[in-house]
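A.B. asks: Quick one, my_file_28.cif (mmCIF, C-alpha atoms):
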data_structure
#
loop_
_atom_site.group_PDB
_atom_site.id
_atom_site.type_symbol
_atom_site.label_atom_id
_atom_site.label_comp_id
_atom_site.auth_asym_id
_atom_site.auth_seq_id
_atom_site.Cartn_x
_atom_site.Cartn_y
_atom_site.Cartn_z
ATOM 1 C CA MET A 1 44.065 140.356 47.665
ATOM 2 C CA ARG A 2 45.307 138.407 50.650
ATOM 3 C CA LYS A 3 47.834 140.243 52.805
ATOM 4 C CA PHE A 4 51.103 138.529 53.580
ATOM 5 C CA SER A 5 52.480 138.680 57.098
ATOM 6 C CA LEU A 6 55.053 136.899 59.207
ATOM 7 C CA ALA A 7 52.195 135.098 60.934
ATOM 8 C CA ASN A 8 51.589 133.175 57.733
ATOM 9 C CA VAL A 9 55.021 131.543 57.856
ATOM 10 C CA ARG A 10 55.100 130.572 61.507
ATOM 11 C CA GLY A 11 53.415 127.298 60.707
ATOM 12 C CA VAL A 12 56.256 126.204 58.434
ATOM 13 C CA GLY A 13 57.941 123.288 60.157
ATOM 14 C CA VAL A 14 61.366 121.715 59.931
ATOM 15 C CA THR A 15 60.102 119.006 57.569
ATOM 16 C CA ASP A 16 58.688 121.623 55.192
ATOM 17 C CA THR A 17 61.949 123.560 55.364
ATOM 18 C CA ILE A 18 64.039 120.471 54.571
ATOM 19 C CA ILE A 19 61.836 119.637 51.599
ATOM 20 C CA GLY A 20 62.107 123.238 50.391
ATOM 21 C CA ILE A 21 65.903 123.213 50.678
ATOM 22 C CA CYS A 22 66.110 119.897 48.815
ATOM 23 C CA LEU A 23 63.889 121.295 46.048
ATOM 24 C CA VAL A 24 66.059 124.399 45.713
ATOM 25 C CA MET A 25 69.170 122.214 45.609
ATOM 26 C CA LEU A 26 67.619 119.983 42.949
ATOM 27 C CA ILE A 27 66.938 123.006 40.742
ATOM 28 C CA ALA A 28 70.359 124.518 41.478
ATOM 29 C CA ASP A 29 72.069 121.246 40.612
ATOM 30 C CA THR A 30 70.315 121.281 37.238
ATOM 31 C CA VAL A 31 71.508 124.815 36.550
ATOM 32 C CA VAL A 32 74.997 124.307 38.014
ATOM 33 C CA PRO A 33 76.045 120.673 37.368
ATOM 34 C CA THR A 34 79.288 121.102 39.341
ATOM 35 C CA LEU A 35 77.254 121.588 42.525
ATOM 36 C CA TRP A 36 76.916 117.821 42.845
ATOM 37 C CA GLN A 37 80.685 117.425 42.846
ATOM 38 C CA ALA A 38 81.125 120.212 45.398
ATOM 39 C CA LEU A 39 78.560 119.016 47.945
ATOM 40 C CA SER A 40 78.205 115.229 47.597
ATOM 41 C CA PHE A 41 79.768 112.954 50.200
ATOM 42 C CA PHE A 42 83.066 111.599 48.875
ATOM 43 C CA PRO A 43 85.096 109.516 51.381
ATOM 44 C CA PRO A 44 88.577 110.742 50.340
ATOM 45 C CA LEU A 45 87.457 114.333 51.004
ATOM 46 C CA ALA A 46 85.662 113.613 54.287
ATOM 47 C CA ALA A 47 88.458 114.907 56.532
ATOM 48 C CA ARG A 48 89.322 117.952 54.449
ATOM 49 C CA GLU A 49 85.726 118.966 53.665
ATOM 50 C CA PRO A 50 83.580 117.712 56.583
ATOM 51 C CA TYR A 51 80.602 119.857 55.565
ATOM 52 C CA ARG A 52 79.856 117.137 52.990
ATOM 53 C CA PHE A 53 78.541 114.943 55.816
ATOM 54 C CA ILE A 54 75.529 117.286 55.933
ATOM 55 C CA THR A 55 75.275 118.919 52.497
ATOM 56 C CA SER A 56 75.005 115.584 50.691
ATOM 57 C CA ALA A 57 71.713 114.917 52.517
ATOM 58 C CA PHE A 58 70.113 117.824 50.644
ATOM 59 C CA LEU A 59 71.206 116.716 47.169
ATOM 60 C CA HIS A 60 69.563 114.075 44.960
ATOM 61 C CA SER A 61 70.558 112.277 41.783
ATOM 62 C CA GLY A 62 67.339 113.136 39.946
ATOM 63 C CA PHE A 63 63.660 113.944 40.315
ATOM 64 C CA LEU A 64 62.529 110.390 41.107
ATOM 65 C CA HIS A 65 65.182 110.061 43.802
ATOM 66 C CA PHE A 66 64.091 113.418 45.207
ATOM 67 C CA ALA A 67 60.367 112.632 45.033
ATOM 68 C CA PHE A 68 60.641 109.236 46.733
ATOM 69 C CA ASN A 69 62.743 110.585 49.600
ATOM 70 C CA MET A 70 60.614 113.700 50.099
ATOM 71 C CA ILE A 71 57.309 111.805 50.133
ATOM 72 C CA THR A 72 58.718 109.405 52.722
ATOM 73 C CA LEU A 73 60.203 112.292 54.690
ATOM 74 C CA TYR A 74 56.870 114.106 54.763
ATOM 75 C CA LEU A 75 54.917 111.046 55.902
ATOM 76 C CA VAL A 76 57.384 110.035 58.607
ATOM 77 C CA GLY A 77 58.902 113.391 59.470
ATOM 78 C CA THR A 78 55.733 115.336 60.240
ATOM 79 C CA GLN A 79 54.689 112.682 62.738
ATOM 80 C CA LEU A 80 58.034 112.812 64.537
ATOM 81 C CA GLU A 81 58.249 116.591 64.403
ATOM 82 C CA ASN A 82 54.859 116.907 66.096
ATOM 83 C CA GLY A 83 55.959 114.550 68.842
ATOM 84 C CA LEU A 84 59.533 115.737 69.395
ATOM 85 C CA GLY A 85 59.284 119.437 68.682
ATOM 86 C CA ARG A 86 61.350 121.333 66.144
ATOM 87 C CA LEU A 87 64.721 121.401 67.892
ATOM 88 C CA ARG A 88 64.879 117.716 68.778
ATOM 89 C CA TYR A 89 63.545 116.745 65.379
ATOM 90 C CA ALA A 90 66.096 118.907 63.548
ATOM 91 C CA ALA A 91 68.878 117.396 65.647
ATOM 92 C CA LEU A 92 67.595 113.896 64.890
ATOM 93 C CA TYR A 93 67.552 114.572 61.155
ATOM 94 C CA VAL A 94 71.037 116.110 60.947
ATOM 95 C CA ILE A 95 72.638 113.500 63.224
ATOM 96 C CA SER A 96 71.007 110.657 61.263
ATOM 97 C CA ALA A 97 72.269 112.145 57.998
ATOM 98 C CA CYS A 98 75.798 112.347 59.401
ATOM 99 C CA ALA A 99 75.563 108.813 60.788
ATOM 100 C CA GLY A 100 74.555 107.561 57.343
ATOM 101 C CA ASN A 101 77.665 109.070 55.784
ATOM 102 C CA VAL A 102 79.820 107.688 58.603
ATOM 103 C CA GLY A 103 78.502 104.292 57.493
ATOM 104 C CA VAL A 104 79.594 105.006 53.923
ATOM 105 C CA LEU A 105 82.980 106.082 55.256
ATOM 106 C CA ALA A 106 83.268 102.915 57.343
ATOM 107 C CA TRP A 107 82.614 100.759 54.286
ATOM 108 C CA ALA A 108 85.155 102.732 52.280
ATOM 109 C CA ALA A 109 87.815 102.393 54.980
ATOM 110 C CA THR A 110 87.316 98.669 55.537
ATOM 111 C CA MET A 111 86.245 97.368 52.115
ATOM 112 C CA GLY A 112 87.971 99.769 49.728
ATOM 113 C CA GLY A 113 84.950 101.443 48.137
ATOM 114 C CA TRP A 114 86.489 104.845 48.670
ATOM 115 C CA ASN A 115 86.018 106.294 45.174
ATOM 116 C CA VAL A 116 82.200 106.415 45.112
ATOM 117 C CA ALA A 117 80.339 109.634 45.957
ATOM 118 C CA VAL A 118 76.841 109.494 47.491
ATOM 119 C CA VAL A 119 73.942 111.938 47.762
ATOM 120 C CA GLY A 120 70.417 111.831 49.121
ATOM 121 C CA ALA A 121 68.293 112.212 52.222
ATOM 122 C CA SER A 122 67.726 108.476 52.612
ATOM 123 C CA GLY A 123 70.295 108.075 55.405
ATOM 124 C CA ALA A 124 68.467 110.717 57.425
ATOM 125 C CA VAL A 125 65.070 109.252 56.500
ATOM 126 C CA PHE A 126 66.161 105.831 57.740
ATOM 127 C CA GLY A 127 67.265 107.559 60.927
ATOM 128 C CA LEU A 128 63.675 108.758 61.297
ATOM 129 C CA PHE A 129 62.489 105.184 60.790
ATOM 130 C CA GLY A 130 64.891 104.117 63.517
ATOM 131 C CA ALA A 131 63.494 106.780 65.837
ATOM 132 C CA LEU A 132 59.926 105.647 65.175
ATOM 133 C CA LEU A 133 60.927 102.108 66.017
ATOM 134 C CA ALA A 134 62.653 103.174 69.229
ATOM 135 C CA PHE A 135 59.672 105.227 70.384
ATOM 136 C CA ALA A 136 57.161 102.510 69.462
ATOM 137 C CA GLY A 137 58.731 100.006 71.850
ATOM 138 C CA GLY A 138 59.040 96.267 71.421
ATOM 139 C CA GLY A 139 55.939 94.121 71.370
ATOM 140 C CA SER A 140 53.496 96.823 70.244
ATOM 141 C CA GLU A 141 51.484 96.649 67.034
ATOM 142 C CA ASN A 142 53.164 99.838 65.796
ATOM 143 C CA PHE A 143 56.588 98.336 66.439
ATOM 144 C CA THR A 144 55.824 95.307 64.269
ATOM 145 C CA SER A 145 54.394 97.408 61.424
ATOM 146 C CA ILE A 146 57.322 99.824 61.418
ATOM 147 C CA ALA A 147 59.857 96.968 61.653
ATOM 148 C CA VAL A 148 58.336 95.250 58.608
ATOM 149 C CA LEU A 149 58.369 98.529 56.647
ATOM 150 C CA VAL A 150 62.003 99.159 57.564
ATOM 151 C CA LEU A 151 63.064 95.635 56.608
ATOM 152 C CA ILE A 152 61.356 95.931 53.220
ATOM 153 C CA ASN A 153 63.098 99.227 52.494
ATOM 154 C CA LEU A 154 66.460 97.915 53.698
ATOM 155 C CA ALA A 155 66.100 94.817 51.539
ATOM 156 C CA TYR A 156 65.354 96.989 48.501
ATOM 157 C CA GLY A 157 68.585 98.872 49.122
ATOM 158 C CA PHE A 158 70.576 95.628 49.219
ATOM 159 C CA ILE A 159 69.195 94.192 45.978
ATOM 160 C CA SER A 160 69.045 97.374 43.893
ATOM 161 C CA PRO A 161 72.257 98.579 42.223
ATOM 162 C CA GLY A 162 73.313 102.174 42.732
ATOM 163 C CA ILE A 163 71.728 102.508 46.182
ATOM 164 C CA SER A 164 73.918 103.133 49.219
ATOM 165 C CA TRP A 165 72.613 100.549 51.658
ATOM 166 C CA GLN A 166 75.513 101.462 53.944
ATOM 167 C CA SER A 167 73.970 104.891 54.442
ATOM 168 C CA HIS A 168 70.555 103.342 55.107
ATOM 169 C CA VAL A 169 71.839 100.965 57.779
ATOM 170 C CA ALA A 170 74.077 103.510 59.506
ATOM 171 C CA GLY A 171 71.429 106.232 59.366
ATOM 172 C CA PHE A 172 68.908 103.856 60.907
ATOM 173 C CA ILE A 173 71.307 102.993 63.722
ATOM 174 C CA GLY A 174 72.104 106.658 64.308
ATOM 175 C CA GLY A 175 68.453 107.628 64.622
ATOM 176 C CA PHE A 176 67.506 104.585 66.682
ATOM 177 C CA VAL A 177 70.268 105.072 69.252
ATOM 178 C CA LEU A 178 69.515 108.773 69.693
ATOM 179 C CA ALA A 179 65.756 108.244 70.019
ATOM 180 C CA TRP A 180 66.219 105.303 72.395
ATOM 181 C CA ALA A 181 68.431 107.451 74.650
ATOM 182 C CA TRP A 182 65.897 110.290 74.568
ATOM 183 C CA LYS A 183 63.085 107.901 75.418
ATOM 184 C CA ALA A 184 65.054 106.393 78.294
ATOM 185 C CA ASN A 185 65.783 109.882 79.612
ATOM 186 C CA ALA A 186 62.107 110.873 79.372
ATOM 187 C CA VAL A 187 60.996 107.774 81.283
ATOM 188 C CA HIS A 188 63.639 108.355 83.953
ATOM 189 C CA GLN A 189 62.754 112.020 84.410
ATOM 190 C CA TYR A 190 59.023 111.262 84.575
ATOM 191 C CA LYS A 191 59.592 108.688 87.310
ATOM 192 C CA ARG A 192 61.868 111.061 89.194
ATOM 193 C CA ILE A 193 60.028 114.402 89.064
ATOM 194 C CA GLY A 194 56.769 113.824 87.187
ATOM 195 C CA LYS A 195 55.168 116.536 85.067
ATOM 196 C CA ARG A 196 56.526 119.603 86.867
ATOM 197 C CA LYS A 197 57.608 122.470 84.573
ATOM 198 C CA HIS A 198 61.207 122.549 85.699
ATOM 199 C CA GLY A 199 61.325 118.802 85.073
ATOM 200 C CA LYS A 200 60.550 119.304 81.387
ATOM 201 C CA HIS A 201 63.259 121.971 81.152
ATOM 202 C CA TYR A 202 65.755 119.653 82.837
ATOM 203 C CA GLN A 203 64.804 116.876 80.428
ATOM 204 C CA GLY A 204 65.405 119.204 77.480
ATOM 205 C CA VAL A 205 68.875 120.066 78.742
ATOM 206 C CA LEU A 206 69.717 116.383 79.174
ATOM 207 C CA ASP A 207 68.339 115.582 75.709
ATOM 208 C CA ALA A 208 70.632 118.252 74.252
ATOM 209 C CA GLY A 209 73.536 116.680 76.138
ATOM 210 C CA ILE A 210 72.642 113.235 74.793
ATOM 211 C CA ALA A 211 72.557 114.578 71.228
ATOM 212 C CA LEU A 212 75.917 116.280 71.757
ATOM 213 C CA VAL A 213 77.543 113.121 73.142
ATOM 214 C CA TRP A 214 76.208 111.000 70.263
ATOM 215 C CA THR A 215 77.484 113.613 67.792
ATOM 216 C CA LEU A 216 80.934 113.536 69.389
ATOM 217 C CA VAL A 217 80.956 109.736 69.159
ATOM 218 C CA LEU A 218 80.184 109.966 65.425
ATOM 219 C CA VAL A 219 82.851 112.648 64.956
ATOM 220 C CA ALA A 220 85.435 110.490 66.731
ATOM 221 C CA LEU A 221 84.470 107.468 64.636
ATOM 222 C CA ALA A 222 84.671 109.528 61.441
ATOM 223 C CA TYR A 223 88.121 110.773 62.459
ATOM 224 C CA VAL A 224 89.402 107.239 63.019
ATOM 225 C CA LEU A 225 87.964 106.085 59.688
ATOM 226 C CA THR A 226 89.522 108.971 57.765
ATOM 227 C CA ARG A 227 92.876 108.061 59.327
ATOM 228 C CA MET A 228 92.347 104.503 58.114
ATOM 229 C CA LEU A 229 91.761 105.769 54.575
ATOM 230 C CA ILE A 230 95.056 107.629 54.730
ATOM 231 C CA TRP A 231 96.944 104.681 56.186
ATOM 232 C CA PHE A 232 95.624 102.212 53.631
#
Here is a file; write its structure as structure tokens.

C.D. replies:
Amino acid sequence: MRKFSLANVRGVGVTDTIIGICLVMLIADTVVPTLWQALSFFPPLAAREPYRFITSAFLHSGFLHFAFNMITLYLVGTQLENGLGRLRYAALYVISACAGNVGVLAWAATMGGWNVAVVGASGAVFGLFGALLAFAGGGSENFTSIAVLVLINLAYGFISPGISWQSHVAGFIGGFVLAWAWKANAVHQYKRIGKRKHGKHYQGVLDAGIALVWTLVLVALAYVLTRMLIWF
């Protein structure tokens, strides 16, 4: 019999953890149908229950929805997690998920689609696509391939009923902006202090600051949009 130890779980990454949480939530939602209502993102409740900006990214409308998002997450996410490290990658995922729901909120506030609830990891996944595109850089072969893949997936969201393309677009923007800022910071720090150890630590601190600033921007935008919902 193989012994179990904590060493066996140290290799579990953020991507694996997200997939595991989504699987548990899928099963829980089957057992407790009201879970969907409690944790989905619903624009009128955005200000009163802001946790929905995050919890909705771990819920799915069915097994096919879950499977498609998780397969894509695994293929894209593991690559980014290896390159960014766990903390940056986790921040990228959560911020992209929130950005996706800010996009849904923006549409609700400006176009009146306030009474539709959304669930799914696709906003966060599109944020990962955006990050890949930002890191690839314009003009490279990888950039072109990723751009084509993103456009195909975005187009599918526009033409298929029941899919929140608003979340896809906003999530993509959220991930792209964050990754672009991180990349710009990395290039600047490398030019300034090279590969010295304290330079990497300084870069990490600045990356955390960039993530915090981008989060605050999204929070401020969400606040303004929720006020618009109340006013109109």

A.B. asks: Mind telling me what the PyMOL selection byres ((chain A and resi 98) around 12) catches here, as a PyMOL selection string?

C.D. replies: chain A and resi 41+46+50-58+91-97+99-105+119-127+167-168+170-175+214-219+221-222

A.B. asks: I need the residue set behind the PyMOL selection byres ((chain A and resi 68-81) around 9) for this file; please write it as a VMD selection string.

C.D. replies: chain A and resid 13 to 16 18 to 19 22 60 63 to 67 82 to 90 93 120 to 122 124 to 125 128 to 129 131 to 132

A.B. asks: With all atoms listed in the file as the counted atoms, please give the residues lying no more than 12 Å from A:Ala155, apart from itself and same-chain residues fewer than 4 positions off, as number ranges by chain.

C.D. replies: A: 148-151, 159-161, 163-166, 168-169

A.B. asks: If you keep C-alpha atoms, can you produce a file of those selected residues as a PDB file, keeping the file's coordinate frame?

C.D. replies:
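Result saved to part_17.pdb:
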ATOM      1  CA  VAL A 148      58.336  95.250  58.608  1.00  0.00           C
ATOM      2  CA  LEU A 149      58.369  98.529  56.647  1.00  0.00           C
ATOM      3  CA  VAL A 150      62.003  99.159  57.564  1.00  0.00           C
ATOM      4  CA  LEU A 151      63.064  95.635  56.608  1.00  0.00           C
ATOM      5  CA  ILE A 159      69.195  94.192  45.978  1.00  0.00           C
ATOM      6  CA  SER A 160      69.045  97.374  43.893  1.00  0.00           C
ATOM      7  CA  PRO A 161      72.257  98.579  42.223  1.00  0.00           C
ATOM      8  CA  ILE A 163      71.728 102.508  46.182  1.00  0.00           C
ATOM      9  CA  SER A 164      73.918 103.133  49.219  1.00  0.00           C
ATOM     10  CA  TRP A 165      72.613 100.549  51.658  1.00  0.00           C
ATOM     11  CA  GLN A 166      75.513 101.462  53.944  1.00  0.00           C
ATOM     12  CA  HIS A 168      70.555 103.342  55.107  1.00  0.00           C
ATOM     13  CA  VAL A 169      71.839 100.965  57.779  1.00  0.00           C
TER      14      VAL A 169
END

A.B. asks: Could you jot down the atom CA of A:Leu35 to atom CA of A:Gly20 separation for me, Å, one decimal place?

C.D. replies: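 Straight-line distance from atom CA of A:Leu35 to atom CA of A:Gly20 works out to 17.1 Å.
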
A.B. asks: Work out how far apart atom CA of A:Thr226 and atom CA of A:Met111 are and give it in Å to one decimal.

C.D. replies: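 Result for atom CA of A:Thr226 versus atom CA of A:Met111: 13.3 Å, one decimal.
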
A.B. asks: Just how far from atom CA of A:Ile27 is atom CA of A:Gly62, in Å to one decimal?

C.D. replies: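 We find that atom CA of A:Gly62 and atom CA of A:Ile27 lie 9.9 Å from each other.
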
A.B. asks: For A:Trp182, which residue out of A:Ala147, A:Ala134, A:Tyr223, A:Leu154 is the nearest one, using all atoms listed in the file?

C.D. replies: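 Looking at the shortest contact to A:Trp182, the residue is A:Ala134.
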
A.B. asks: Using only C-alpha atoms, which of A:Ala28, A:Asn153, A:Trp36, A:Pro43 sits nearest A:Asn115?

C.D. replies: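 Result for the nearest residue to A:Asn115: A:Pro43.
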
A.B. asks: Which of these residues is nearest to A:Ser40, using all atoms listed in the file: A:Ala179, A:Leu212, A:Leu59, A:Met228?

C.D. replies: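 Using all atoms listed in the file, A:Ser40 sits closest to A:Leu59.
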
A.B. asks: Start from the incomplete input, build N, CA and C atoms for stretch 170-189 of chain A, and deliver everything as a PDB file, keeping the file's coordinate frame.

C.D. replies:
ATOM      1  N   ALA A 170      73.441 102.649  58.507  1.00  0.00           N
ATOM      2  CA  ALA A 170      74.077 103.510  59.506  1.00  0.00           C
ATOM      3  C   ALA A 170      73.150 104.641  59.949  1.00  0.00           C
ATOM      4  N   GLY A 171      72.386 105.195  59.009  1.00  0.00           N
ATOM      5  CA  GLY A 171      71.429 106.232  59.366  1.00  0.00           C
ATOM      6  C   GLY A 171      70.367 105.708  60.311  1.00  0.00           C
ATOM      7  N   PHE A 172      69.898 104.492  60.037  1.00  0.00           N
ATOM      8  CA  PHE A 172      68.908 103.856  60.907  1.00  0.00           C
ATOM      9  C   PHE A 172      69.464 103.685  62.321  1.00  0.00           C
ATOM     10  N   ILE A 173      70.680 103.193  62.407  1.00  0.00           N
ATOM     11  CA  ILE A 173      71.307 102.993  63.722  1.00  0.00           C
ATOM     12  C   ILE A 173      71.466 104.326  64.445  1.00  0.00           C
ATOM     13  N   GLY A 174      71.911 105.347  63.707  1.00  0.00           N
ATOM     14  CA  GLY A 174      72.104 106.658  64.308  1.00  0.00           C
ATOM     15  C   GLY A 174      70.828 107.220  64.895  1.00  0.00           C
ATOM     16  N   GLY A 175      69.731 107.128  64.136  1.00  0.00           N
ATOM     17  CA  GLY A 175      68.453 107.628  64.622  1.00  0.00           C
ATOM     18  C   GLY A 175      67.882 106.796  65.751  1.00  0.00           C
ATOM     19  N   PHE A 176      68.036 105.480  65.657  1.00  0.00           N
ATOM     20  CA  PHE A 176      67.506 104.585  66.682  1.00  0.00           C
ATOM     21  C   PHE A 176      68.194 104.818  68.023  1.00  0.00           C
ATOM     22  N   VAL A 177      69.514 104.893  68.008  1.00  0.00           N
ATOM     23  CA  VAL A 177      70.268 105.072  69.252  1.00  0.00           C
ATOM     24  C   VAL A 177      69.899 106.398  69.920  1.00  0.00           C
ATOM     25  N   LEU A 178      69.842 107.466  69.131  1.00  0.00           N
ATOM     26  CA  LEU A 178      69.515 108.773  69.693  1.00  0.00           C
ATOM     27  C   LEU A 178      68.108 108.783  70.286  1.00  0.00           C
ATOM     28  N   ALA A 179      67.142 108.263  69.539  1.00  0.00           N
ATOM     29  CA  ALA A 179      65.756 108.244  70.019  1.00  0.00           C
ATOM     30  C   ALA A 179      65.600 107.345  71.242  1.00  0.00           C
ATOM     31  N   TRP A 180      66.283 106.214  71.238  1.00  0.00           N
ATOM     32  CA  TRP A 180      66.219 105.303  72.395  1.00  0.00           C
ATOM     33  C   TRP A 180      66.746 105.994  73.646  1.00  0.00           C
ATOM     34  N   ALA A 181      67.857 106.735  73.505  1.00  0.00           N
ATOM     35  CA  ALA A 181      68.431 107.451  74.650  1.00  0.00           C
ATOM     36  C   ALA A 181      67.481 108.547  75.125  1.00  0.00           C
ATOM     37  N   TRP A 182      66.871 109.260  74.192  1.00  0.00           N
ATOM     38  CA  TRP A 182      65.897 110.290  74.568  1.00  0.00           C
ATOM     39  C   TRP A 182      64.702 109.684  75.295  1.00  0.00           C
ATOM     40  N   LYS A 183      64.232 108.561  74.789  1.00  0.00           N
ATOM     41  CA  LYS A 183      63.085 107.901  75.418  1.00  0.00           C
ATOM     42  C   LYS A 183      63.437 107.436  76.823  1.00  0.00           C
ATOM     43  N   ALA A 184      64.615 106.851  76.978  1.00  0.00           N
ATOM     44  CA  ALA A 184      65.054 106.393  78.294  1.00  0.00           C
ATOM     45  C   ALA A 184      65.168 107.566  79.263  1.00  0.00           C
ATOM     46  N   ASN A 185      65.669 108.687  78.781  1.00  0.00           N
ATOM     47  CA  ASN A 185      65.783 109.882  79.612  1.00  0.00           C
ATOM     48  C   ASN A 185      64.405 110.398  80.025  1.00  0.00           C
ATOM     49  N   ALA A 186      63.458 110.395  79.072  1.00  0.00           N
ATOM     50  CA  ALA A 186      62.107 110.873  79.372  1.00  0.00           C
ATOM     51  C   ALA A 186      61.438 110.008  80.432  1.00  0.00           C
ATOM     52  N   VAL A 187      61.591 108.702  80.307  1.00  0.00           N
ATOM     53  CA  VAL A 187      60.996 107.774  81.283  1.00  0.00           C
ATOM     54  C   VAL A 187      61.622 107.996  82.658  1.00  0.00           C
ATOM     55  N   HIS A 188      62.944 108.155  82.681  1.00  0.00           N
ATOM     56  CA  HIS A 188      63.639 108.355  83.953  1.00  0.00           C
ATOM     57  C   HIS A 188      63.208 109.657  84.626  1.00  0.00           C
ATOM     58  N   GLN A 189      63.138 110.726  83.844  1.00  0.00           N
ATOM     59  CA  GLN A 189      62.754 112.020  84.410  1.00  0.00           C
ATOM     60  C   GLN A 189      61.309 112.017  84.893  1.00  0.00           C
TER      61      GLN A 189
END
